[in-house]
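Peer 1: Okay, here's the structure, questions in a sec.
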Amino acid sequence: MKILGCADGPASFNDEMNRRGIRVVSCDPIYRFSRKQLSTRIDQACEEIIEQTRKNAGNFVWSSIGSIEDLRDTRTAAMAQFMADYDEGKEQGRYVNAELPVLPFDDGAFDIALCSHFLFLYSNRLSLEFHRESVRQLCRIAKDVRIFPLIDLDLRPSPYVQPMVQSLEKNGFTVSIERVPYEFQRGGNEMLRIMGKTQQRRHHRC
Ligand SMILES: C[S@@+](CC[C@H](N)C(=O)[O-])C[C@H]1O[C@@H](n2cnc3c(N)ncnc32)[C@H](O)[C@@H]1O
């Protein structure tokens, strides 16, 4: 199983999967920075994000993460884990400097492509055309594409989801909107799943 984590940022996902023996390649434009540069940027951004979350606390579901302090501890631990893994992961090709809508991977290079908290979330800043090109790119390189969540920063359903579903179905992809158990942004508990044509044929044979 080869997994792509697109827009993975300074998260512990890659390291955690690697420790379990699952190969994940993460791509993000922030991986052009050195460990030291990233560390400075993360320290600056972290308190800002925590303050924003505190101000808008009503927009979040405080169950799996119980409080602002819990959020700070969880984020800090995840980023520390990422930083500790960064140099080795970069050498091993697990952290790749690349950005949507064009990614430097071969057709069908991955079984699954995951994209969390980037596409749809910034619908107010990124155009429908950018989303279309990005999703096309993810479908080119992975058989199973999963994008989460389907709401924007103001908790509104992204206006791009339905047009995207329609054009993907028209082009022969199998598309579903699936409920997931994780919900931190209030109402952000669904992912878009797109299965490529090759994958459908494989399922059929099974
Ligand atoms: C909110 S963070 C999400 C990080 C992680 N996926 C998560 O869910 O916690 C958004 C990430 O998107 C990355 N990003 C920005 N522009 C991008 C692009 N054009 N292609 C891929 N990633 C991009 C940012 O660098 C940032 O790390």
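Each chain in the structure tokens gets a letter, A, B, ..., in the order shown, and its residues are numbered from 1; ligands are numbered from 1 in order too.
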Identify, on the basis of only C-alpha atoms, every residue whose closest approach to Pro159 in chain A does not exceed 10 Å; exclude the query and any residue fewer than 6 positions from it along the same chain; express the result as a list in words.
Peer 2: Phe120, Ser123, Asn124, Leu128, Leu150, Ile151 and Asp152 of chain A
Peer 1: Set the cut-off to 7 Å, count only C-alpha atoms and all ligand atoms, and list whatever residues fall near ligand 1 as a PyMOL selection string.
Peer 2: chain A and resi 6-11+27-30+98-101+115-118
Peer 1: Do you know which residues are at most 9 Å from Ile112 in chain A counting only C-alpha atoms, after dropping those on the same chain fewer than 5 positions away, and could you put them as a list in words?
Peer 2: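 My reading of the contact set: Met1, Lys2, Ile3, Leu4, Gly5, Ile141, Ala142, Lys143, Asp144, Val145 and Arg146 of chain A.
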Peer 1: Take the residues that were just selected and, keeping N, CA, C and O atoms, output them as a PDB file, in the first residue's frame.
Peer 2:
```pdb
ATOM      1  N   MET A   1       0.845  -1.193   0.000  1.00  0.00           N
ATOM      2  CA  MET A   1       0.000   0.000   0.000  1.00  0.00           C
ATOM      3  C   MET A   1       0.882   1.245   0.000  1.00  0.00           C
ATOM      4  O   MET A   1       1.681   1.441   0.909  1.00  0.00           O
ATOM      5  N   LYS A   2       0.750   2.077  -1.036  1.00  0.00           N
ATOM      6  CA  LYS A   2       1.499   3.341  -1.077  1.00  0.00           C
ATOM      7  C   LYS A   2       0.530   4.497  -0.914  1.00  0.00           C
ATOM      8  O   LYS A   2      -0.467   4.584  -1.633  1.00  0.00           O
ATOM      9  N   ILE A   3       0.814   5.361   0.030  1.00  0.00           N
ATOM     10  CA  ILE A   3      -0.122   6.442   0.350  1.00  0.00           C
ATOM     11  C   ILE A   3       0.543   7.798   0.113  1.00  0.00           C
ATOM     12  O   ILE A   3       1.704   8.004   0.508  1.00  0.00           O
ATOM     13  N   LEU A   4      -0.199   8.705  -0.502  1.00  0.00           N
ATOM     14  CA  LEU A   4       0.255  10.086  -0.629  1.00  0.00           C
ATOM     15  C   LEU A   4      -0.533  10.944   0.363  1.00  0.00           C
ATOM     16  O   LEU A   4      -1.760  10.860   0.418  1.00  0.00           O
ATOM     17  N   GLY A   5       0.175  11.748   1.131  1.00  0.00           N
ATOM     18  CA  GLY A   5      -0.478  12.726   2.001  1.00  0.00           C
ATOM     19  C   GLY A   5      -0.240  14.094   1.379  1.00  0.00           C
ATOM     20  O   GLY A   5       0.875  14.612   1.463  1.00  0.00           O
ATOM     21  N   ILE A 141      -2.724  10.371 -10.126  1.00  0.00           N
ATOM     22  CA  ILE A 141      -1.618   9.660  -9.474  1.00  0.00           C
ATOM     23  C   ILE A 141      -2.072   8.610  -8.452  1.00  0.00           C
ATOM     24  O   ILE A 141      -1.261   7.804  -8.023  1.00  0.00           O
ATOM     25  N   ALA A 142      -3.370   8.632  -8.073  1.00  0.00           N
ATOM     26  CA  ALA A 142      -3.836   7.633  -7.089  1.00  0.00           C
ATOM     27  C   ALA A 142      -5.164   7.022  -7.523  1.00  0.00           C
ATOM     28  O   ALA A 142      -5.985   7.677  -8.155  1.00  0.00           O
ATOM     29  N   LYS A 143      -5.350   5.764  -7.122  1.00  0.00           N
ATOM     30  CA  LYS A 143      -6.572   5.053  -7.531  1.00  0.00           C
ATOM     31  C   LYS A 143      -7.760   5.425  -6.641  1.00  0.00           C
ATOM     32  O   LYS A 143      -8.902   5.275  -7.010  1.00  0.00           O
ATOM     33  N   ASP A 144      -7.436   5.872  -5.428  1.00  0.00           N
ATOM     34  CA  ASP A 144      -8.472   6.170  -4.441  1.00  0.00           C
ATOM     35  C   ASP A 144      -8.095   7.511  -3.811  1.00  0.00           C
ATOM     36  O   ASP A 144      -7.036   7.628  -3.190  1.00  0.00           O
ATOM     37  N   VAL A 145      -8.940   8.520  -4.012  1.00  0.00           N
ATOM     38  CA  VAL A 145      -8.618   9.876  -3.530  1.00  0.00           C
ATOM     39  C   VAL A 145      -9.624  10.250  -2.438  1.00  0.00           C
ATOM     40  O   VAL A 145     -10.832  10.079  -2.616  1.00  0.00           O
ATOM     41  N   ARG A 146      -9.103  10.742  -1.308  1.00  0.00           N
ATOM     42  CA  ARG A 146      -9.998  11.077  -0.184  1.00  0.00           C
ATOM     43  C   ARG A 146      -9.697  12.492   0.304  1.00  0.00           C
ATOM     44  O   ARG A 146      -8.546  12.791   0.647  1.00  0.00           O
TER      45      ARG A 146
END
```
Peer 1: Please identify which residues in range 69-194 of chain A DSSP calls strand (DSSP E) from the backbone, and express them as a list in words.
Peer 2: Tyr95, Val96, Phe110, Asp111, Ile112, Ala113, Leu114, Cys115, Ser116, Ala142, Lys143, Asp144, Val145, Arg146, Ile147, Phe148, Thr174, Val175, Ser176, Ile177, Glu178, Arg179, Glu190, Met191, Leu192, Arg193 and Ile194 of chain A
Peer 1: Report, in Å to a single decimal, how far apart CA of Cys46 in chain A and CA of Ser67 in chain A are.
Peer 2: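 These atoms are spaced 15.6 Å apart.
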Peer 1: With a distance cut-off of 8 Å and only C-alpha atoms, select the neighbouring residues of range 166-177 of chain A, excluding the residue or stretch itself and same-chain residues fewer than 3 positions from it, and output the selection as a list of chain:residue names.
Peer 2: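 After dropping sequence-adjacent residues, the list is A:Gln162, A:Pro163, A:Glu190, A:Met191, A:Leu192, A:Arg193, A:Ile194, A:Met195, A:Gly196, A:Lys197, A:Gln200.
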Peer 1: I need the helix (DSSP H, G or I) residues of range 7-179 of chain A per DSSP on the backbone, written as a tab-separated table (two decimals) with N, CA, C and O atoms, in the first residue's frame.
Peer 2:
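Resulting contents of selection.tsv:
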```tsv
chain	number	residue	atom	x	y	z
A	13	PHE	N	1.62	12.52	11.00
A	13	PHE	CA	1.03	11.38	10.27
A	13	PHE	C	2.09	10.51	9.59
A	13	PHE	O	2.11	9.29	9.72
A	14	ASN	N	3.00	11.16	8.84
A	14	ASN	CA	4.00	10.42	8.08
A	14	ASN	C	4.87	9.58	9.02
A	14	ASN	O	5.09	8.38	8.77
A	15	ASP	N	5.33	10.18	10.09
A	15	ASP	CA	6.21	9.47	11.03
A	15	ASP	C	5.46	8.30	11.66
A	15	ASP	O	5.99	7.19	11.81
A	16	GLU	N	4.20	8.53	12.04
A	16	GLU	CA	3.43	7.48	12.68
A	16	GLU	C	3.22	6.28	11.75
A	16	GLU	O	3.37	5.14	12.15
A	17	MET	N	2.90	6.57	10.50
A	17	MET	CA	2.71	5.49	9.52
A	17	MET	C	4.03	4.76	9.26
A	17	MET	O	4.09	3.53	9.20
A	18	ASN	N	5.11	5.54	9.14
A	18	ASN	CA	6.42	4.96	8.88
A	18	ASN	C	6.82	3.97	9.98
A	18	ASN	O	7.34	2.89	9.72
A	19	ARG	N	6.52	4.35	11.24
A	19	ARG	CA	6.82	3.46	12.37
A	19	ARG	C	6.02	2.17	12.31
A	19	ARG	O	6.40	1.15	12.87
A	29	PRO	N	4.28	22.54	-0.02
A	29	PRO	CA	5.31	23.54	-0.37
A	29	PRO	C	6.18	23.95	0.82
A	29	PRO	O	7.27	24.48	0.62
A	30	ILE	N	5.72	23.71	2.06
A	30	ILE	CA	6.57	24.12	3.19
A	30	ILE	C	7.82	23.23	3.32
A	30	ILE	O	8.75	23.59	4.03
A	31	TYR	N	7.83	22.09	2.61
A	31	TYR	CA	9.00	21.22	2.72
A	31	TYR	C	10.20	21.75	1.94
A	31	TYR	O	11.24	21.10	1.87
A	32	ARG	N	10.05	22.94	1.32
A	32	ARG	CA	11.23	23.55	0.71
A	32	ARG	C	12.12	24.18	1.79
A	32	ARG	O	13.27	24.49	1.55
A	35	ARG	N	14.90	22.50	8.36
A	35	ARG	CA	14.33	22.18	9.67
A	35	ARG	C	14.30	23.44	10.55
A	35	ARG	O	13.31	23.72	11.22
A	36	LYS	N	15.41	24.19	10.50
A	36	LYS	CA	15.52	25.38	11.36
A	36	LYS	C	14.48	26.45	10.94
A	36	LYS	O	13.81	27.05	11.78
A	37	GLN	N	14.38	26.65	9.63
A	37	GLN	CA	13.41	27.66	9.14
A	37	GLN	C	11.99	27.25	9.52
A	37	GLN	O	11.19	28.09	9.95
A	38	LEU	N	11.70	25.95	9.38
A	38	LEU	CA	10.35	25.47	9.71
A	38	LEU	C	10.05	25.65	11.19
A	38	LEU	O	8.95	26.07	11.56
A	39	SER	N	11.05	25.36	12.01
A	39	SER	CA	10.87	25.44	13.45
A	39	SER	C	10.48	26.88	13.86
A	39	SER	O	9.54	27.08	14.64
A	40	THR	N	11.15	27.88	13.28
A	40	THR	CA	10.83	29.28	13.58
A	40	THR	C	9.41	29.61	13.13
A	40	THR	O	8.63	30.22	13.86
A	41	ARG	N	9.08	29.19	11.90
A	41	ARG	CA	7.75	29.49	11.37
A	41	ARG	C	6.65	28.83	12.21
A	41	ARG	O	5.62	29.44	12.49
A	42	ILE	N	6.90	27.59	12.64
A	42	ILE	CA	5.90	26.85	13.41
A	42	ILE	C	5.67	27.54	14.76
A	42	ILE	O	4.54	27.75	15.20
A	43	ASP	N	6.78	27.94	15.43
A	43	ASP	CA	6.65	28.61	16.73
A	43	ASP	C	5.81	29.87	16.60
A	43	ASP	O	4.96	30.17	17.43
A	44	GLN	N	6.05	30.64	15.51
A	44	GLN	CA	5.30	31.88	15.31
A	44	GLN	C	3.82	31.61	15.06
A	44	GLN	O	2.95	32.27	15.63
A	45	ALA	N	3.56	30.59	14.22
A	45	ALA	CA	2.17	30.34	13.79
A	45	ALA	C	1.33	29.69	14.89
A	45	ALA	O	0.12	29.92	14.98
A	46	CYS	N	1.99	28.90	15.74
A	46	CYS	CA	1.24	28.06	16.68
A	46	CYS	C	0.36	28.89	17.63
A	46	CYS	O	-0.85	28.66	17.72
A	47	GLU	N	0.95	29.89	18.29
A	47	GLU	CA	0.17	30.69	19.24
A	47	GLU	C	-0.96	31.45	18.55
A	47	GLU	O	-2.05	31.62	19.09
A	48	GLU	N	-0.66	31.91	17.31
A	48	GLU	CA	-1.68	32.62	16.52
A	48	GLU	C	-2.91	31.73	16.29
A	48	GLU	O	-4.04	32.15	16.47
A	49	ILE	N	-2.63	30.47	15.91
A	49	ILE	CA	-3.72	29.52	15.63
A	49	ILE	C	-4.51	29.23	16.91
A	49	ILE	O	-5.74	29.20	16.91
A	50	ILE	N	-3.78	29.05	18.01
A	50	ILE	CA	-4.44	28.76	19.29
A	50	ILE	C	-5.36	29.95	19.67
A	50	ILE	O	-6.50	29.76	20.09
A	51	GLU	N	-4.85	31.17	19.51
A	51	GLU	CA	-5.65	32.36	19.86
A	51	GLU	C	-6.90	32.46	18.99
A	51	GLU	O	-7.99	32.76	19.48
A	52	GLN	N	-6.74	32.21	17.68
A	52	GLN	CA	-7.89	32.23	16.77
A	52	GLN	C	-8.94	31.21	17.21
A	52	GLN	O	-10.13	31.48	17.20
A	53	THR	N	-8.45	30.02	17.58
A	53	THR	CA	-9.36	28.95	17.99
A	53	THR	C	-10.07	29.34	19.29
A	53	THR	O	-11.27	29.11	19.46
A	54	ARG	N	-9.33	29.96	20.21
A	54	ARG	CA	-9.93	30.39	21.47
A	54	ARG	C	-11.08	31.39	21.21
A	54	ARG	O	-12.16	31.29	21.76
A	55	LYS	N	-10.82	32.34	20.28
A	55	LYS	CA	-11.83	33.36	19.97
A	55	LYS	C	-13.09	32.75	19.34
A	55	LYS	O	-14.18	33.23	19.54
A	57	ALA	N	-14.19	29.54	19.74
A	57	ALA	CA	-14.30	28.21	20.37
A	57	ALA	C	-15.63	27.51	20.02
A	57	ALA	O	-15.68	26.29	19.92
A	58	GLY	N	-16.69	28.32	19.81
A	58	GLY	CA	-18.00	27.74	19.51
A	58	GLY	C	-18.04	27.03	18.16
A	58	GLY	O	-18.98	26.28	17.88
A	59	ASN	N	-17.04	27.27	17.33
A	59	ASN	CA	-17.03	26.63	16.00
A	59	ASN	C	-16.47	25.20	16.05
A	59	ASN	O	-16.39	24.54	15.02
A	68	ILE	N	-8.82	24.06	24.95
A	68	ILE	CA	-7.76	24.79	24.24
A	68	ILE	C	-6.38	24.27	24.69
A	68	ILE	O	-5.48	24.08	23.87
A	69	GLU	N	-6.25	24.00	25.98
A	69	GLU	CA	-4.95	23.52	26.50
A	69	GLU	C	-4.63	22.15	25.90
A	69	GLU	O	-3.49	21.86	25.53
A	70	ASP	N	-5.66	21.33	25.81
A	70	ASP	CA	-5.50	20.00	25.22
A	70	ASP	C	-5.07	20.15	23.75
A	70	ASP	O	-4.18	19.43	23.26
A	71	LEU	N	-5.70	21.11	23.06
A	71	LEU	CA	-5.36	21.34	21.65
A	71	LEU	C	-3.90	21.78	21.52
A	71	LEU	O	-3.17	21.27	20.67
A	72	ARG	N	-3.49	22.71	22.39
A	72	ARG	CA	-2.10	23.18	22.33
A	72	ARG	C	-1.13	22.01	22.56
A	72	ARG	O	-0.17	21.83	21.81
A	73	ASP	N	-1.42	21.18	23.57
A	73	ASP	CA	-0.53	20.04	23.89
A	73	ASP	C	-0.49	19.05	22.72
A	73	ASP	O	0.58	18.58	22.33
A	74	THR	N	-1.66	18.77	22.14
A	74	THR	CA	-1.73	17.79	21.04
A	74	THR	C	-0.95	18.30	19.84
A	74	THR	O	-0.16	17.57	19.23
A	75	ARG	N	-1.18	19.58	19.49
A	75	ARG	CA	-0.50	20.18	18.32
A	75	ARG	C	1.01	20.24	18.54
A	75	ARG	O	1.80	19.91	17.65
A	76	THR	N	1.40	20.68	19.75
A	76	THR	CA	2.83	20.82	20.05
A	76	THR	C	3.52	19.47	19.95
A	76	THR	O	4.61	19.35	19.37
A	77	ALA	N	2.87	18.44	20.49
A	77	ALA	CA	3.48	17.10	20.46
A	77	ALA	C	3.59	16.60	19.01
A	77	ALA	O	4.62	16.04	18.61
A	78	ALA	N	2.54	16.84	18.20
A	78	ALA	CA	2.56	16.37	16.81
A	78	ALA	C	3.66	17.08	16.02
A	78	ALA	O	4.40	16.46	15.24
A	79	MET	N	3.79	18.39	16.24
A	79	MET	CA	4.81	19.15	15.51
A	79	MET	C	6.21	18.76	15.95
A	79	MET	O	7.13	18.69	15.14
A	80	ALA	N	6.39	18.49	17.23
A	80	ALA	CA	7.71	18.06	17.73
A	80	ALA	C	8.07	16.71	17.08
A	80	ALA	O	9.22	16.49	16.67
A	81	GLN	N	7.09	15.84	16.97
A	81	GLN	CA	7.33	14.52	16.35
A	81	GLN	C	7.71	14.71	14.88
A	81	GLN	O	8.64	14.07	14.37
A	82	PHE	N	6.99	15.61	14.21
A	82	PHE	CA	7.31	15.91	12.80
A	82	PHE	C	8.73	16.46	12.68
A	82	PHE	O	9.52	16.00	11.84
A	83	MET	N	9.07	17.43	13.53
A	83	MET	CA	10.39	18.06	13.43
A	83	MET	C	11.50	17.03	13.65
A	83	MET	O	12.52	17.05	12.97
A	84	ALA	N	11.28	16.12	14.60
A	84	ALA	CA	12.31	15.10	14.90
A	84	ALA	C	12.50	14.15	13.72
A	84	ALA	O	13.58	13.58	13.54
A	85	ASP	N	11.47	13.98	12.93
A	85	ASP	CA	11.52	13.02	11.80
A	85	ASP	C	11.92	13.70	10.49
A	85	ASP	O	12.24	13.02	9.51
A	86	TYR	N	11.89	15.04	10.45
A	86	TYR	CA	11.92	15.78	9.18
A	86	TYR	C	13.17	15.50	8.34
A	86	TYR	O	13.06	15.14	7.16
A	87	ASP	N	14.36	15.65	8.93
A	87	ASP	CA	15.58	15.52	8.12
A	87	ASP	C	15.72	14.11	7.54
A	87	ASP	O	16.01	13.93	6.36
A	88	GLU	N	15.47	13.10	8.39
A	88	GLU	CA	15.59	11.71	7.93
A	88	GLU	C	14.51	11.41	6.88
A	88	GLU	O	14.79	10.81	5.83
A	89	GLY	N	13.31	11.90	7.15
A	89	GLY	CA	12.20	11.67	6.21
A	89	GLY	C	12.45	12.32	4.86
A	89	GLY	O	12.11	11.76	3.81
A	90	LYS	N	13.08	13.49	4.88
A	90	LYS	CA	13.37	14.19	3.63
A	90	LYS	C	14.41	13.39	2.82
A	90	LYS	O	14.25	13.18	1.62
A	91	GLU	N	15.43	12.91	3.53
A	91	GLU	CA	16.46	12.08	2.86
A	91	GLU	C	15.85	10.83	2.24
A	91	GLU	O	16.26	10.37	1.18
A	128	LEU	N	-12.71	27.52	-8.18
A	128	LEU	CA	-13.24	26.21	-8.59
A	128	LEU	C	-12.29	25.58	-9.60
A	128	LEU	O	-12.03	24.37	-9.54
A	129	GLU	N	-11.71	26.38	-10.49
A	129	GLU	CA	-10.80	25.85	-11.49
A	129	GLU	C	-9.56	25.23	-10.82
A	129	GLU	O	-9.09	24.16	-11.21
A	130	PHE	N	-9.04	25.91	-9.79
A	130	PHE	CA	-7.91	25.35	-9.04
A	130	PHE	C	-8.31	24.00	-8.43
A	130	PHE	O	-7.55	23.03	-8.47
A	131	HIS	N	-9.51	23.95	-7.87
A	131	HIS	CA	-9.97	22.69	-7.27
A	131	HIS	C	-10.11	21.60	-8.32
A	131	HIS	O	-9.71	20.45	-8.10
A	132	ARG	N	-10.66	21.96	-9.47
A	132	ARG	CA	-10.84	20.96	-10.54
A	132	ARG	C	-9.47	20.39	-10.97
A	132	ARG	O	-9.29	19.18	-11.07
A	133	GLU	N	-8.53	21.29	-11.22
A	133	GLU	CA	-7.19	20.85	-11.67
A	133	GLU	C	-6.52	20.00	-10.60
A	133	GLU	O	-5.86	19.01	-10.90
A	134	SER	N	-6.68	20.41	-9.35
A	134	SER	CA	-6.03	19.68	-8.24
A	134	SER	C	-6.61	18.28	-8.10
A	134	SER	O	-5.87	17.30	-7.93
A	135	VAL	N	-7.94	18.18	-8.19
A	135	VAL	CA	-8.57	16.86	-8.04
A	135	VAL	C	-8.20	15.98	-9.23
A	135	VAL	O	-7.92	14.78	-9.08
A	136	ARG	N	-8.16	16.58	-10.42
A	136	ARG	CA	-7.75	15.83	-11.62
A	136	ARG	C	-6.34	15.26	-11.41
A	136	ARG	O	-6.05	14.11	-11.73
A	137	GLN	N	-5.47	16.08	-10.84
A	137	GLN	CA	-4.09	15.68	-10.60
A	137	GLN	C	-4.03	14.53	-9.58
A	137	GLN	O	-3.32	13.54	-9.78
A	138	LEU	N	-4.80	14.64	-8.51
A	138	LEU	CA	-4.80	13.58	-7.50
A	138	LEU	C	-5.34	12.27	-8.09
A	138	LEU	O	-4.82	11.19	-7.81
A	139	CYS	N	-6.37	12.39	-8.95
A	139	CYS	CA	-6.94	11.19	-9.58
A	139	CYS	C	-5.96	10.56	-10.59
A	139	CYS	O	-6.01	9.37	-10.84
A	140	ARG	N	-5.09	11.37	-11.14
A	140	ARG	CA	-4.08	10.85	-12.08
A	140	ARG	C	-3.07	9.97	-11.35
A	140	ARG	O	-2.65	8.93	-11.85
A	141	ILE	N	-2.72	10.37	-10.13
A	141	ILE	CA	-1.62	9.66	-9.47
A	141	ILE	C	-2.07	8.61	-8.45
A	141	ILE	O	-1.26	7.80	-8.02
A	161	VAL	N	-18.19	21.41	-3.93
A	161	VAL	CA	-18.34	19.95	-3.81
A	161	VAL	C	-19.29	19.40	-4.88
A	161	VAL	O	-18.94	18.47	-5.61
A	162	GLN	N	-20.48	20.00	-4.98
A	162	GLN	CA	-21.48	19.44	-5.92
A	162	GLN	C	-21.03	19.53	-7.39
A	162	GLN	O	-21.10	18.53	-8.11
A	163	PRO	N	-20.51	20.70	-7.85
A	163	PRO	CA	-20.02	20.74	-9.24
A	163	PRO	C	-18.91	19.71	-9.49
A	163	PRO	O	-18.84	19.09	-10.56
A	164	MET	N	-18.08	19.50	-8.47
A	164	MET	CA	-16.98	18.54	-8.62
A	164	MET	C	-17.54	17.12	-8.75
A	164	MET	O	-17.11	16.34	-9.60
A	165	VAL	N	-18.50	16.78	-7.88
A	165	VAL	CA	-19.09	15.44	-7.91
A	165	VAL	C	-19.71	15.20	-9.29
A	165	VAL	O	-19.48	14.15	-9.91
A	166	GLN	N	-20.44	16.19	-9.78
A	166	GLN	CA	-21.12	16.02	-11.08
A	166	GLN	C	-20.12	15.79	-12.21
A	166	GLN	O	-20.27	14.88	-13.02
A	167	SER	N	-19.05	16.60	-12.25
A	167	SER	CA	-18.13	16.43	-13.39
A	167	SER	C	-17.32	15.14	-13.26
A	167	SER	O	-17.01	14.50	-14.27
A	168	LEU	N	-17.02	14.73	-12.04
A	168	LEU	CA	-16.28	13.46	-11.87
A	168	LEU	C	-17.14	12.29	-12.32
A	168	LEU	O	-16.67	11.39	-13.03
A	169	GLU	N	-18.42	12.31	-11.92
A	169	GLU	CA	-19.31	11.21	-12.31
A	169	GLU	C	-19.48	11.17	-13.83
A	169	GLU	O	-19.49	10.10	-14.43
A	170	LYS	N	-19.57	12.37	-14.41
A	170	LYS	CA	-19.72	12.45	-15.87
A	170	LYS	C	-18.50	11.83	-16.56
A	170	LYS	O	-18.59	11.24	-17.63
```
Peer 1: Which residue gives the smallest distance to Gln92 in chain A among A:Val25, A:Leu153, A:Ala113, A:Leu119, with only C-alpha atoms counted?
Peer 2: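 That would be A:Val25, the residue with the smallest distance to Gln92 in chain A.
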Peer 1: Near Gly188 in chain A, counting only C-alpha atoms, which residues have an atom at most 9 Å away, once you skip same-chain residues fewer than 5 positions from it, shown as a ChimeraX atom specification?
Peer 2: /A:148-152,155,157,180,182-183
Peer 1: Distance CA of Arg186 in chain A-CA of Phe60 in chain A, one decimal place?
Peer 2: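 For CA of Arg186 in chain A relative to CA of Phe60 in chain A, the distance reads 4.9 Å.
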Peer 1: Nearest to Gly187 in chain A: which of A:Gly108, A:Ser127, A:Gly21, A:Ser158 is it, counting only C-alpha atoms?
Peer 2: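 The shortest atom-to-atom distance to Gly187 in chain A comes from A:Ser158.
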